[in-house]
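Q: Here you go, this is input.cif (mmCIF, N, CA and C atoms).
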```cif
data_work
#
loop_
_atom_site.label_atom_id
_atom_site.label_comp_id
_atom_site.auth_asym_id
_atom_site.auth_seq_id
_atom_site.Cartn_x
_atom_site.Cartn_y
_atom_site.Cartn_z
N MET A 256 -44.45 30.78 -4.48
CA MET A 256 -44.00 30.45 -3.13
C MET A 256 -44.02 31.74 -2.31
N SER A 257 -44.51 31.67 -1.09
CA SER A 257 -44.63 32.86 -0.26
C SER A 257 -43.29 33.27 0.33
N ARG A 258 -43.24 34.52 0.77
CA ARG A 258 -42.02 35.02 1.41
C ARG A 258 -41.67 34.22 2.64
N LYS A 259 -42.69 33.77 3.37
CA LYS A 259 -42.43 33.04 4.60
C LYS A 259 -41.91 31.63 4.32
N THR A 260 -42.35 31.03 3.23
CA THR A 260 -41.80 29.74 2.84
C THR A 260 -40.33 29.92 2.47
N ASN A 261 -40.03 30.99 1.75
CA ASN A 261 -38.63 31.27 1.42
C ASN A 261 -37.81 31.52 2.67
N PHE A 262 -38.41 32.17 3.67
CA PHE A 262 -37.71 32.41 4.93
C PHE A 262 -37.24 31.10 5.55
N ILE A 263 -38.10 30.09 5.56
CA ILE A 263 -37.73 28.80 6.15
C ILE A 263 -36.61 28.15 5.34
N LYS A 264 -36.69 28.20 4.01
CA LYS A 264 -35.63 27.62 3.18
C LYS A 264 -34.29 28.31 3.45
N VAL A 265 -34.32 29.63 3.53
CA VAL A 265 -33.09 30.38 3.77
C VAL A 265 -32.57 30.11 5.18
N LEU A 266 -33.48 30.04 6.16
CA LEU A 266 -33.08 29.75 7.54
C LEU A 266 -32.38 28.40 7.63
N VAL A 267 -32.98 27.38 7.07
CA VAL A 267 -32.38 26.04 7.11
C VAL A 267 -31.03 26.04 6.41
N GLY A 268 -30.98 26.61 5.22
CA GLY A 268 -29.73 26.64 4.47
C GLY A 268 -28.63 27.40 5.19
N THR A 269 -28.98 28.54 5.76
CA THR A 269 -28.01 29.34 6.50
C THR A 269 -27.50 28.58 7.71
N ASN A 270 -28.41 27.92 8.41
CA ASN A 270 -28.01 27.15 9.60
C ASN A 270 -27.09 25.99 9.24
N ILE A 271 -27.38 25.33 8.14
CA ILE A 271 -26.50 24.25 7.69
C ILE A 271 -25.12 24.81 7.40
N LYS A 272 -25.07 25.89 6.63
CA LYS A 272 -23.77 26.47 6.25
C LYS A 272 -22.98 26.92 7.48
N LYS A 273 -23.62 27.65 8.38
CA LYS A 273 -22.90 28.16 9.56
C LYS A 273 -22.38 27.03 10.43
N ASN A 274 -23.20 26.01 10.63
CA ASN A 274 -22.74 24.89 11.46
C ASN A 274 -21.66 24.08 10.75
N ARG A 275 -21.77 23.94 9.44
CA ARG A 275 -20.74 23.24 8.67
C ARG A 275 -19.41 23.99 8.78
N GLU A 276 -19.46 25.29 8.57
CA GLU A 276 -18.24 26.10 8.65
C GLU A 276 -17.66 26.11 10.06
N LEU A 277 -18.54 26.17 11.06
CA LEU A 277 -18.08 26.16 12.45
C LEU A 277 -17.28 24.90 12.76
N GLN A 278 -17.65 23.81 12.11
CA GLN A 278 -16.96 22.54 12.34
C GLN A 278 -15.80 22.32 11.37
N GLY A 279 -15.53 23.30 10.50
CA GLY A 279 -14.41 23.18 9.59
C GLY A 279 -14.60 22.16 8.49
N VAL A 280 -15.84 21.94 8.09
CA VAL A 280 -16.15 20.98 7.03
C VAL A 280 -16.45 21.75 5.75
N THR A 281 -15.86 21.34 4.64
CA THR A 281 -16.13 21.99 3.35
C THR A 281 -17.45 21.49 2.78
N GLN A 282 -17.98 22.24 1.82
CA GLN A 282 -19.19 21.78 1.12
C GLN A 282 -18.94 20.44 0.46
N GLU A 283 -17.80 20.30 -0.15
CA GLU A 283 -17.48 19.05 -0.85
C GLU A 283 -17.45 17.87 0.12
N GLN A 284 -16.85 18.09 1.29
CA GLN A 284 -16.79 17.01 2.29
C GLN A 284 -18.18 16.63 2.77
N LEU A 285 -19.00 17.63 3.12
CA LEU A 285 -20.34 17.33 3.61
C LEU A 285 -21.19 16.67 2.52
N ALA A 286 -21.07 17.18 1.31
CA ALA A 286 -21.82 16.60 0.19
C ALA A 286 -21.45 15.13 0.01
N GLU A 287 -20.17 14.82 0.10
CA GLU A 287 -19.73 13.42 -0.04
C GLU A 287 -20.29 12.56 1.09
N ILE A 288 -20.25 13.08 2.31
CA ILE A 288 -20.76 12.33 3.47
C ILE A 288 -22.23 11.98 3.30
N ILE A 289 -23.02 12.95 2.80
CA ILE A 289 -24.47 12.72 2.71
C ILE A 289 -24.91 12.13 1.37
N GLY A 290 -23.96 12.03 0.43
CA GLY A 290 -24.26 11.36 -0.84
C GLY A 290 -24.97 12.21 -1.87
N ILE A 291 -24.68 13.54 -1.87
CA ILE A 291 -25.20 14.40 -2.93
C ILE A 291 -24.03 15.16 -3.51
N ASN A 292 -24.26 15.86 -4.63
CA ASN A 292 -23.15 16.63 -5.19
C ASN A 292 -23.06 17.99 -4.52
N ALA A 293 -21.91 18.61 -4.61
CA ALA A 293 -21.65 19.89 -3.93
C ALA A 293 -22.57 21.00 -4.44
N THR A 294 -22.96 20.93 -5.70
CA THR A 294 -23.87 21.94 -6.25
C THR A 294 -25.24 21.86 -5.58
N ALA A 295 -25.72 20.65 -5.34
CA ALA A 295 -27.00 20.47 -4.65
C ALA A 295 -26.92 21.01 -3.23
N LEU A 296 -25.81 20.75 -2.55
CA LEU A 296 -25.63 21.26 -1.19
C LEU A 296 -25.55 22.78 -1.21
N SER A 297 -24.88 23.34 -2.18
CA SER A 297 -24.79 24.79 -2.31
C SER A 297 -26.19 25.40 -2.48
N ASP A 298 -27.02 24.77 -3.31
CA ASP A 298 -28.39 25.25 -3.50
C ASP A 298 -29.18 25.21 -2.19
N ILE A 299 -28.97 24.17 -1.40
CA ILE A 299 -29.63 24.07 -0.09
C ILE A 299 -29.14 25.19 0.82
N GLU A 300 -27.84 25.37 0.89
CA GLU A 300 -27.26 26.37 1.79
C GLU A 300 -27.66 27.80 1.40
N ARG A 301 -27.88 28.04 0.14
CA ARG A 301 -28.29 29.37 -0.32
C ARG A 301 -29.80 29.56 -0.25
N GLY A 302 -30.53 28.55 0.20
CA GLY A 302 -31.98 28.68 0.34
C GLY A 302 -32.73 28.57 -0.97
N LYS A 303 -32.09 28.00 -1.99
CA LYS A 303 -32.76 27.82 -3.27
C LYS A 303 -33.66 26.59 -3.26
N THR A 304 -33.26 25.57 -2.52
CA THR A 304 -34.05 24.34 -2.43
C THR A 304 -34.08 23.84 -1.00
N TYR A 305 -35.11 23.06 -0.68
CA TYR A 305 -35.18 22.37 0.60
C TYR A 305 -34.38 21.07 0.49
N PRO A 306 -33.73 20.68 1.58
CA PRO A 306 -33.15 19.33 1.55
C PRO A 306 -34.27 18.31 1.70
N LEU A 307 -34.12 17.17 1.06
CA LEU A 307 -35.06 16.08 1.30
C LEU A 307 -34.95 15.67 2.76
N PRO A 308 -36.03 15.18 3.36
CA PRO A 308 -35.95 14.78 4.78
C PRO A 308 -34.81 13.82 5.08
N GLU A 309 -34.58 12.85 4.18
CA GLU A 309 -33.49 11.91 4.45
C GLU A 309 -32.12 12.59 4.37
N ASN A 310 -31.99 13.61 3.51
CA ASN A 310 -30.73 14.35 3.44
C ASN A 310 -30.57 15.27 4.65
N LEU A 311 -31.67 15.83 5.11
CA LEU A 311 -31.59 16.66 6.31
C LEU A 311 -31.13 15.83 7.50
N GLU A 312 -31.62 14.61 7.57
CA GLU A 312 -31.19 13.68 8.62
C GLU A 312 -29.69 13.42 8.52
N LYS A 313 -29.21 13.17 7.31
CA LYS A 313 -27.78 12.90 7.11
C LYS A 313 -26.94 14.13 7.45
N ILE A 314 -27.43 15.31 7.07
CA ILE A 314 -26.71 16.56 7.37
C ILE A 314 -26.61 16.74 8.88
N ALA A 315 -27.74 16.60 9.57
CA ALA A 315 -27.75 16.78 11.03
C ALA A 315 -26.82 15.76 11.70
N ASN A 316 -26.88 14.53 11.24
CA ASN A 316 -26.01 13.50 11.81
C ASN A 316 -24.54 13.83 11.56
N ALA A 317 -24.22 14.27 10.35
CA ALA A 317 -22.83 14.60 10.02
C ALA A 317 -22.33 15.79 10.85
N LEU A 318 -23.23 16.72 11.14
CA LEU A 318 -22.85 17.90 11.93
C LEU A 318 -23.05 17.67 13.43
N LYS A 319 -23.57 16.50 13.78
CA LYS A 319 -23.78 16.10 15.18
C LYS A 319 -24.70 17.07 15.93
N ILE A 320 -25.81 17.42 15.26
CA ILE A 320 -26.81 18.28 15.88
C ILE A 320 -28.20 17.72 15.60
N PRO A 321 -29.19 18.01 16.44
CA PRO A 321 -30.55 17.54 16.18
C PRO A 321 -31.14 18.22 14.93
N CYS A 322 -31.88 17.49 14.14
CA CYS A 322 -32.50 18.02 12.92
C CYS A 322 -33.29 19.29 13.19
N GLU A 323 -34.09 19.27 14.24
CA GLU A 323 -34.99 20.38 14.52
C GLU A 323 -34.26 21.70 14.71
N LEU A 324 -33.05 21.65 15.22
CA LEU A 324 -32.33 22.88 15.50
C LEU A 324 -31.87 23.60 14.23
N LEU A 325 -31.87 22.91 13.12
CA LEU A 325 -31.54 23.58 11.87
C LEU A 325 -32.63 24.58 11.48
N PHE A 326 -33.81 24.46 12.09
CA PHE A 326 -34.91 25.35 11.77
C PHE A 326 -35.01 26.55 12.70
N VAL A 327 -34.28 26.53 13.81
CA VAL A 327 -34.55 27.55 14.83
C VAL A 327 -33.34 28.28 15.36
N ASN A 328 -32.15 27.92 14.99
CA ASN A 328 -30.98 28.54 15.58
C ASN A 328 -29.85 28.49 14.57
N SER A 329 -29.13 29.59 14.40
CA SER A 329 -28.11 29.60 13.37
C SER A 329 -26.81 28.95 13.79
N VAL A 330 -26.38 29.14 15.01
CA VAL A 330 -25.19 28.46 15.49
C VAL A 330 -25.56 27.75 16.78
N ILE A 331 -25.29 26.47 16.84
CA ILE A 331 -25.71 25.65 17.96
C ILE A 331 -24.63 25.68 19.03
N ASP A 332 -24.96 26.24 20.18
CA ASP A 332 -24.07 26.24 21.33
C ASP A 332 -24.54 25.14 22.27
N PRO A 333 -23.77 24.08 22.42
CA PRO A 333 -24.22 22.94 23.24
C PRO A 333 -24.61 23.34 24.67
N LYS A 334 -24.03 24.42 25.20
CA LYS A 334 -24.35 24.83 26.58
C LYS A 334 -25.72 25.45 26.70
N THR A 335 -26.23 26.04 25.61
CA THR A 335 -27.51 26.74 25.70
C THR A 335 -28.55 26.18 24.74
N VAL A 336 -28.32 24.99 24.24
CA VAL A 336 -29.16 24.45 23.19
C VAL A 336 -30.64 24.37 23.59
N GLU A 337 -30.95 23.91 24.79
CA GLU A 337 -32.35 23.77 25.18
C GLU A 337 -33.01 25.14 25.33
N LYS A 338 -32.35 26.07 25.98
CA LYS A 338 -32.88 27.42 26.17
C LYS A 338 -33.10 28.10 24.82
N ASP A 339 -32.12 28.03 23.94
CA ASP A 339 -32.23 28.63 22.61
C ASP A 339 -33.39 28.03 21.83
N PHE A 340 -33.54 26.72 21.89
CA PHE A 340 -34.59 26.04 21.16
C PHE A 340 -35.96 26.54 21.62
N VAL A 341 -36.17 26.62 22.92
CA VAL A 341 -37.45 27.08 23.46
C VAL A 341 -37.72 28.52 23.06
N GLN A 342 -36.72 29.38 23.13
CA GLN A 342 -36.89 30.78 22.75
C GLN A 342 -37.25 30.91 21.27
N ARG A 343 -36.60 30.15 20.42
CA ARG A 343 -36.88 30.25 18.99
C ARG A 343 -38.28 29.73 18.66
N ILE A 344 -38.70 28.67 19.31
CA ILE A 344 -40.06 28.16 19.09
C ILE A 344 -41.09 29.19 19.55
N GLU A 345 -40.86 29.82 20.69
CA GLU A 345 -41.78 30.86 21.17
C GLU A 345 -41.89 31.99 20.15
N TYR A 346 -40.76 32.38 19.56
CA TYR A 346 -40.76 33.42 18.53
C TYR A 346 -41.60 32.98 17.32
N LEU A 347 -41.38 31.77 16.86
CA LEU A 347 -42.11 31.29 15.69
C LEU A 347 -43.60 31.13 15.96
N LYS A 348 -43.96 30.80 17.19
CA LYS A 348 -45.38 30.62 17.51
C LYS A 348 -46.17 31.92 17.35
N ASN A 349 -45.48 33.05 17.39
CA ASN A 349 -46.15 34.34 17.21
C ASN A 349 -46.47 34.63 15.75
N ASP A 350 -45.99 33.82 14.84
CA ASP A 350 -46.27 33.98 13.42
C ASP A 350 -46.87 32.67 12.92
N ALA A 351 -48.16 32.65 12.80
CA ALA A 351 -48.88 31.41 12.49
C ALA A 351 -48.42 30.77 11.19
N GLU A 352 -48.17 31.56 10.16
CA GLU A 352 -47.78 30.97 8.88
C GLU A 352 -46.39 30.33 8.96
N LYS A 353 -45.43 31.01 9.57
CA LYS A 353 -44.09 30.43 9.73
C LYS A 353 -44.15 29.17 10.58
N PHE A 354 -44.93 29.24 11.65
CA PHE A 354 -45.03 28.09 12.55
C PHE A 354 -45.66 26.90 11.83
N THR A 355 -46.67 27.15 11.01
CA THR A 355 -47.32 26.07 10.27
C THR A 355 -46.36 25.42 9.28
N ILE A 356 -45.58 26.25 8.59
CA ILE A 356 -44.59 25.71 7.65
C ILE A 356 -43.59 24.84 8.39
N LEU A 357 -43.07 25.34 9.50
CA LEU A 357 -42.10 24.60 10.31
C LEU A 357 -42.73 23.31 10.84
N TYR A 358 -43.93 23.41 11.36
CA TYR A 358 -44.61 22.23 11.92
C TYR A 358 -44.77 21.15 10.85
N ASN A 359 -45.22 21.54 9.67
CA ASN A 359 -45.44 20.55 8.61
C ASN A 359 -44.13 19.90 8.17
N TYR A 360 -43.06 20.67 8.09
CA TYR A 360 -41.77 20.10 7.71
C TYR A 360 -41.25 19.17 8.79
N LEU A 361 -41.40 19.57 10.05
CA LEU A 361 -40.95 18.71 11.15
C LEU A 361 -41.79 17.44 11.22
N LYS A 362 -43.05 17.53 10.86
CA LYS A 362 -43.91 16.34 10.84
C LYS A 362 -43.37 15.32 9.85
N VAL A 363 -42.92 15.80 8.69
CA VAL A 363 -42.31 14.92 7.70
C VAL A 363 -41.04 14.31 8.27
N LEU A 364 -40.24 15.12 8.95
CA LEU A 364 -38.98 14.62 9.53
C LEU A 364 -39.21 13.55 10.57
N THR A 365 -40.21 13.75 11.41
CA THR A 365 -40.43 12.77 12.48
C THR A 365 -40.99 11.47 11.93
N SER A 366 -41.51 11.51 10.72
CA SER A 366 -41.97 10.26 10.12
C SER A 366 -40.81 9.53 9.45
N SER A 367 -39.67 10.23 9.28
CA SER A 367 -38.48 9.57 8.73
C SER A 367 -37.67 8.98 9.89
N GLU A 368 -36.45 8.62 9.60
CA GLU A 368 -35.61 8.01 10.62
C GLU A 368 -34.69 9.03 11.28
N CYS A 369 -35.10 10.28 11.32
CA CYS A 369 -34.25 11.37 11.81
C CYS A 369 -33.83 11.17 13.27
N HIS A 370 -34.62 10.48 14.05
CA HIS A 370 -34.31 10.34 15.46
C HIS A 370 -33.75 8.98 15.82
N ASP A 371 -33.56 8.13 14.86
CA ASP A 371 -33.03 6.79 15.15
C ASP A 371 -31.53 6.80 15.25
#
```
Just dump the structure as structure tokens.
A:
Amino acid sequence: MSRKTNFIKVLVGTNIKKNRELQGVTQEQLAEIIGINATALSDIERGKTYPLPENLEKIANALKIPCELLFVNSVIDPKTVEKDFVQRIEYLKNDAEKFTILYNYLKVLTSSECHD
């Protein structure tokens, strides 16, 4: 696995953890909400594994944030969410490999029920 693939896993996991903590939710609580065990969630948050698309959807819904923002911003500020999202995408577009990894993962997400 390439360093850039690991970067995306760590980014997603870090964003999940920071947003979970910001909302005062424990790993055990979030794991129960999304229907996985706390060890699996810990592995996701530490960037050891990717969440399945359906679990990413459940995580985003539980944290009340759009799925896509877990890939581009570590703490979601509702007042600047659109500006932050655009800035992060512009940053990723400058690195073709990172952008391709993100694009392919988001393509899987949009084929799931993440936006319903």
Q: Do you have the atom N of Ile263 in chain A-atom C of Lys353 in chain A distance handy?
A: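 Distance reported for this atom pair: 7.9 Å.
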Q: Pick out the closest residue to Tyr305 in chain A from this set: A:Ile288, A:Ala317, A:Ala351, A:Val265. Count only C-alpha atoms.
A: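 Closest to Tyr305 in chain A of all the choices is A:Val265.
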Q: For each of A:Phe262, A:Ile271, A:Lys303, A:Asn349, take the minimum atom-to-atom distance to Leu324 in chain A, counting only C-alpha atoms, then give the residue where this is smallest.
A: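 With only C-alpha atoms as the atom set, the closest residue is A:Ile271.
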Q: A:Leu266, A:Lys272, A:Pro308, A:Glu323: which is nearest Leu296 in chain A, counting only C-alpha atoms?
A: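 Result for the nearest residue to Leu296 in chain A: A:Lys272.
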